[in-house]
Amino acid sequence: MKERMFDMECPECGHSFQIRRDTLLSAGSSRDEMIRSGAWFRHRCSRCQCVFSMVHPFLYRNHVRGYIAVLSPEGEMPDITEEKTVALARDPDAFCELVRILDQGQDPDRICRIRDVVRQKTGRSALRYETAGNGVLWFFDADGSLAIRDPG
């Protein structure tokens, strides 16, 4: 773990504050589910109680699966060669989706292409990948879950 102080601002009320956050975690910690669910990046403003996603650089390393997932709001990919797969996301929701895809041994490009087609066909632009099994891909958004047959 590597901690760093970040300047944050509530998108609702504009309250500015500093917060100390880890910028590197390895899989196998008690925080894994918080990463996959997105809870790791959520924060409640102490002034207005708005819950929002904090966006800051972050690396999540899974040695067993052989990947590093990078959250980089600026889209900058660090020079990393320790793992066979290094994948980038620019926002916390995309990052958490990426971790779920990689944790299940799926190809991020293939899953995102399928997701984008499903988004276009259904008009559900916020769909995110959740899980896969028995030839079915599961996606979700605020309207609920959606299962489709894996065309793969």
# chains A, B, ... in the order shown; residues from 1 in each chain; ligands from 1

call {"tool": "select_by_dssp", "arguments": {"residues": "chain A", "states": "helix (DSSP H, G or I)", "output": "MDAnalysis selection string"}}
result
chainID A and resid 32:37 39:41 92:103 108:122

call {"tool": "write_last_selection", "arguments": {"atoms": "C-alpha atoms", "output": "mmCIF file, in the first residue's frame"}}
result
data_model
loop_
_atom_site.group_PDB
_atom_site.id
_atom_site.type_symbol
_atom_site.label_atom_id
_atom_site.label_comp_id
_atom_site.auth_asym_id
_atom_site.auth_seq_id
_atom_site.Cartn_x
_atom_site.Cartn_y
_atom_site.Cartn_z
ATOM 1 C CA ASP A 32 -11.014 -6.594 -2.823
ATOM 2 C CA GLU A 33 -14.807 -6.474 -2.775
ATOM 3 C CA MET A 34 -14.739 -2.722 -2.129
ATOM 4 C CA ILE A 35 -12.666 -2.361 -5.318
ATOM 5 C CA ARG A 36 -14.969 -4.565 -7.441
ATOM 6 C CA SER A 37 -18.140 -2.868 -6.156
ATOM 7 C CA ALA A 39 -17.249 1.378 -2.641
ATOM 8 C CA TRP A 40 -13.493 2.049 -2.422
ATOM 9 C CA PHE A 41 -13.927 5.280 -4.400
ATOM 10 C CA PRO A 92 -13.890 4.727 -11.054
ATOM 11 C CA ASP A 93 -16.936 3.017 -12.612
ATOM 12 C CA ALA A 94 -14.945 1.921 -15.657
ATOM 13 C CA PHE A 95 -12.083 0.854 -13.372
ATOM 14 C CA CYS A 96 -14.320 -1.357 -11.215
ATOM 15 C CA GLU A 97 -15.865 -2.897 -14.324
ATOM 16 C CA LEU A 98 -12.360 -3.571 -15.668
ATOM 17 C CA VAL A 99 -11.359 -5.341 -12.439
ATOM 18 C CA ARG A 100 -14.490 -7.542 -12.569
ATOM 19 C CA ILE A 101 -13.697 -8.454 -16.204
ATOM 20 C CA LEU A 102 -10.048 -9.269 -15.483
ATOM 21 C CA ASP A 103 -10.814 -11.148 -12.248
ATOM 22 C CA PRO A 108 -11.668 -6.502 -21.633
ATOM 23 C CA ASP A 109 -11.798 -5.438 -25.299
ATOM 24 C CA ARG A 110 -14.235 -8.256 -26.211
ATOM 25 C CA ILE A 111 -16.508 -7.649 -23.203
ATOM 26 C CA CYS A 112 -16.563 -3.880 -23.825
ATOM 27 C CA ARG A 113 -17.451 -4.409 -27.513
ATOM 28 C CA ILE A 114 -20.340 -6.689 -26.492
ATOM 29 C CA ARG A 115 -21.432 -4.234 -23.782
ATOM 30 C CA ASP A 116 -21.401 -1.344 -26.252
ATOM 31 C CA VAL A 117 -23.587 -3.279 -28.711
ATOM 32 C CA VAL A 118 -26.023 -4.131 -25.900
ATOM 33 C CA ARG A 119 -26.069 -0.486 -24.811
ATOM 34 C CA GLN A 120 -26.883 0.615 -28.340
ATOM 35 C CA LYS A 121 -29.616 -1.995 -28.864
ATOM 36 C CA THR A 122 -31.297 -1.426 -25.498
#

call {"tool": "residues_around", "arguments": {"residues": "segment 137-144 of chain A", "least_positions_apart": "6", "cutoff": "9 Å", "atoms": "only C-alpha atoms", "output": "ChimeraX atom specification"}}
result
/A:111,115,124-131,150

call {"tool": "atom_distance", "arguments": {"atom1": "atom CA of Ser72 of chain A", "atom2": "atom CA of Phe58 of chain A"}}
result
6.9 Å

call {"tool": "residues_around", "arguments": {"residues": "Gly75 of chain A", "least_positions_apart": "6", "cutoff": "10 Å", "atoms": "only C-alpha atoms", "output": "PDB file with N, CA, C and O atoms, in the first residue's frame"}}
result
ATOM      1  N   PRO A  57      -5.471   8.815  -9.129  1.00  0.00           N
ATOM      2  CA  PRO A  57      -4.663   7.722  -9.678  1.00  0.00           C
ATOM      3  C   PRO A  57      -4.615   6.538  -8.709  1.00  0.00           C
ATOM      4  O   PRO A  57      -4.503   6.720  -7.490  1.00  0.00           O
ATOM      5  N   LEU A  88      -6.089   0.007 -18.564  1.00  0.00           N
ATOM      6  CA  LEU A  88      -6.329   1.376 -18.108  1.00  0.00           C
ATOM      7  C   LEU A  88      -7.801   1.735 -18.135  1.00  0.00           C
ATOM      8  O   LEU A  88      -8.530   1.377 -19.065  1.00  0.00           O
ATOM      9  N   ALA A  89      -8.234   2.451 -17.110  1.00  0.00           N
ATOM     10  CA  ALA A  89      -9.568   3.057 -17.069  1.00  0.00           C
ATOM     11  C   ALA A  89      -9.391   4.499 -16.607  1.00  0.00           C
ATOM     12  O   ALA A  89      -8.454   4.819 -15.881  1.00  0.00           O
ATOM     13  N   ARG A  90     -10.323   5.360 -17.024  1.00  0.00           N
ATOM     14  CA  ARG A  90     -10.193   6.781 -16.702  1.00  0.00           C
ATOM     15  C   ARG A  90     -11.116   7.257 -15.589  1.00  0.00           C
ATOM     16  O   ARG A  90     -10.986   8.366 -15.110  1.00  0.00           O
ATOM     17  N   ASP A  91     -12.103   6.432 -15.207  1.00  0.00           N
ATOM     18  CA  ASP A  91     -13.004   6.825 -14.124  1.00  0.00           C
ATOM     19  C   ASP A  91     -13.276   5.611 -13.231  1.00  0.00           C
ATOM     20  O   ASP A  91     -13.081   4.472 -13.659  1.00  0.00           O
TER      21      ASP A  91
END

call {"tool": "residues_around", "arguments": {"residues": "segment 14-31 of chain A", "least_positions_apart": "5", "cutoff": "12 Å", "atoms": "only C-alpha atoms", "output": "JSON, numbers by chain"}}
result
{"A": [1, 2, 3, 4, 5, 6, 7, 8, 9, 36, 37, 38, 39, 40, 41, 42, 43, 44, 45, 46, 47, 48, 49, 50, 52, 54, 55, 56, 57, 58, 59, 60, 61, 62, 63, 64, 65, 66, 67, 68, 69, 70, 71, 72, 99, 102, 103]}

call {"tool": "atom_distance", "arguments": {"atom1": "atom CA of Ser145 of chain A", "atom2": "atom CA of Gln104 of chain A"}}
result
18.0 Å

call {"tool": "closest_residue", "arguments": {"among": "A:Ala132, A:Gly123, A:Asp79, A:Ala147", "to": "Gln106 of chain A", "atoms": "only C-alpha atoms"}}
result
A:Ala132

call {"tool": "atom_distance", "arguments": {"atom1": "atom CA of Glu12 of chain A", "atom2": "atom CA of Val51 of chain A"}}
result
9.1 Å

call {"tool": "select_by_dssp", "arguments": {"residues": "segment 21-142 of chain A", "states": "strand (DSSP E or B)", "output": "VMD selection string"}}
result
chain A and resid 21 to 22 24 to 26 42 to 44 51 to 53 58 to 62 67 to 71 85 to 89 128 to 133 136 to 141

call {"tool": "write_last_selection", "arguments": {"atoms": "C-alpha atoms", "output": "PDB file, in the first residue's frame"}}
result
ATOM      1  CA  ARG A  21      -6.010   7.390   0.122  1.00  0.00           C
ATOM      2  CA  ASP A  22      -4.036   4.335  -0.886  1.00  0.00           C
ATOM      3  CA  LEU A  24      -1.724   0.860  -4.772  1.00  0.00           C
ATOM      4  CA  LEU A  25      -3.418  -2.303  -3.552  1.00  0.00           C
ATOM      5  CA  SER A  26      -2.742  -5.958  -4.241  1.00  0.00           C
ATOM      6  CA  ARG A  42     -17.170   6.565  -2.832  1.00  0.00           C
ATOM      7  CA  HIS A  43     -17.146   9.347  -0.277  1.00  0.00           C
ATOM      8  CA  ARG A  44     -19.883  11.166   1.657  1.00  0.00           C
ATOM      9  CA  VAL A  51     -22.200  10.602  -1.944  1.00  0.00           C
ATOM     10  CA  PHE A  52     -19.828  10.865  -4.894  1.00  0.00           C
ATOM     11  CA  SER A  53     -16.942   9.021  -6.529  1.00  0.00           C
ATOM     12  CA  PHE A  58      -4.777   4.131  -8.452  1.00  0.00           C
ATOM     13  CA  LEU A  59      -3.201   0.742  -9.273  1.00  0.00           C
ATOM     14  CA  TYR A  60      -4.684  -2.638  -8.402  1.00  0.00           C
ATOM     15  CA  ARG A  61      -2.377  -5.627  -8.836  1.00  0.00           C
ATOM     16  CA  ASN A  62      -3.537  -9.231  -9.064  1.00  0.00           C
ATOM     17  CA  TYR A  67      -2.780  -8.216 -14.314  1.00  0.00           C
ATOM     18  CA  ILE A  68      -2.530  -4.662 -13.137  1.00  0.00           C
ATOM     19  CA  ALA A  69      -5.557  -2.383 -13.492  1.00  0.00           C
ATOM     20  CA  VAL A  70      -4.727   1.317 -13.641  1.00  0.00           C
ATOM     21  CA  LEU A  71      -7.105   4.164 -12.827  1.00  0.00           C
ATOM     22  CA  THR A  85      -1.753  -7.616 -18.711  1.00  0.00           C
ATOM     23  CA  VAL A  86      -1.868  -3.919 -17.860  1.00  0.00           C
ATOM     24  CA  ALA A  87      -5.218  -2.246 -18.491  1.00  0.00           C
ATOM     25  CA  LEU A  88      -6.329   1.376 -18.108  1.00  0.00           C
ATOM     26  CA  ALA A  89      -9.568   3.057 -17.069  1.00  0.00           C
ATOM     27  CA  ARG A 128     -21.722  -2.192 -16.866  1.00  0.00           C
ATOM     28  CA  TYR A 129     -20.373  -5.744 -16.929  1.00  0.00           C
ATOM     29  CA  GLU A 130     -21.097  -7.708 -13.762  1.00  0.00           C
ATOM     30  CA  THR A 131     -20.248 -11.391 -14.227  1.00  0.00           C
ATOM     31  CA  ALA A 132     -20.367 -14.387 -16.583  1.00  0.00           C
ATOM     32  CA  GLY A 133     -21.220 -18.043 -16.276  1.00  0.00           C
ATOM     33  CA  VAL A 136     -24.337 -15.982 -20.131  1.00  0.00           C
ATOM     34  CA  LEU A 137     -22.953 -12.472 -19.667  1.00  0.00           C
ATOM     35  CA  TRP A 138     -24.591 -10.326 -16.974  1.00  0.00           C
ATOM     36  CA  PHE A 139     -24.706  -6.535 -17.137  1.00  0.00           C
ATOM     37  CA  PHE A 140     -26.346  -4.071 -14.742  1.00  0.00           C
ATOM     38  CA  ASP A 141     -27.388  -0.445 -14.362  1.00  0.00           C
TER      39      ASP A 141
END
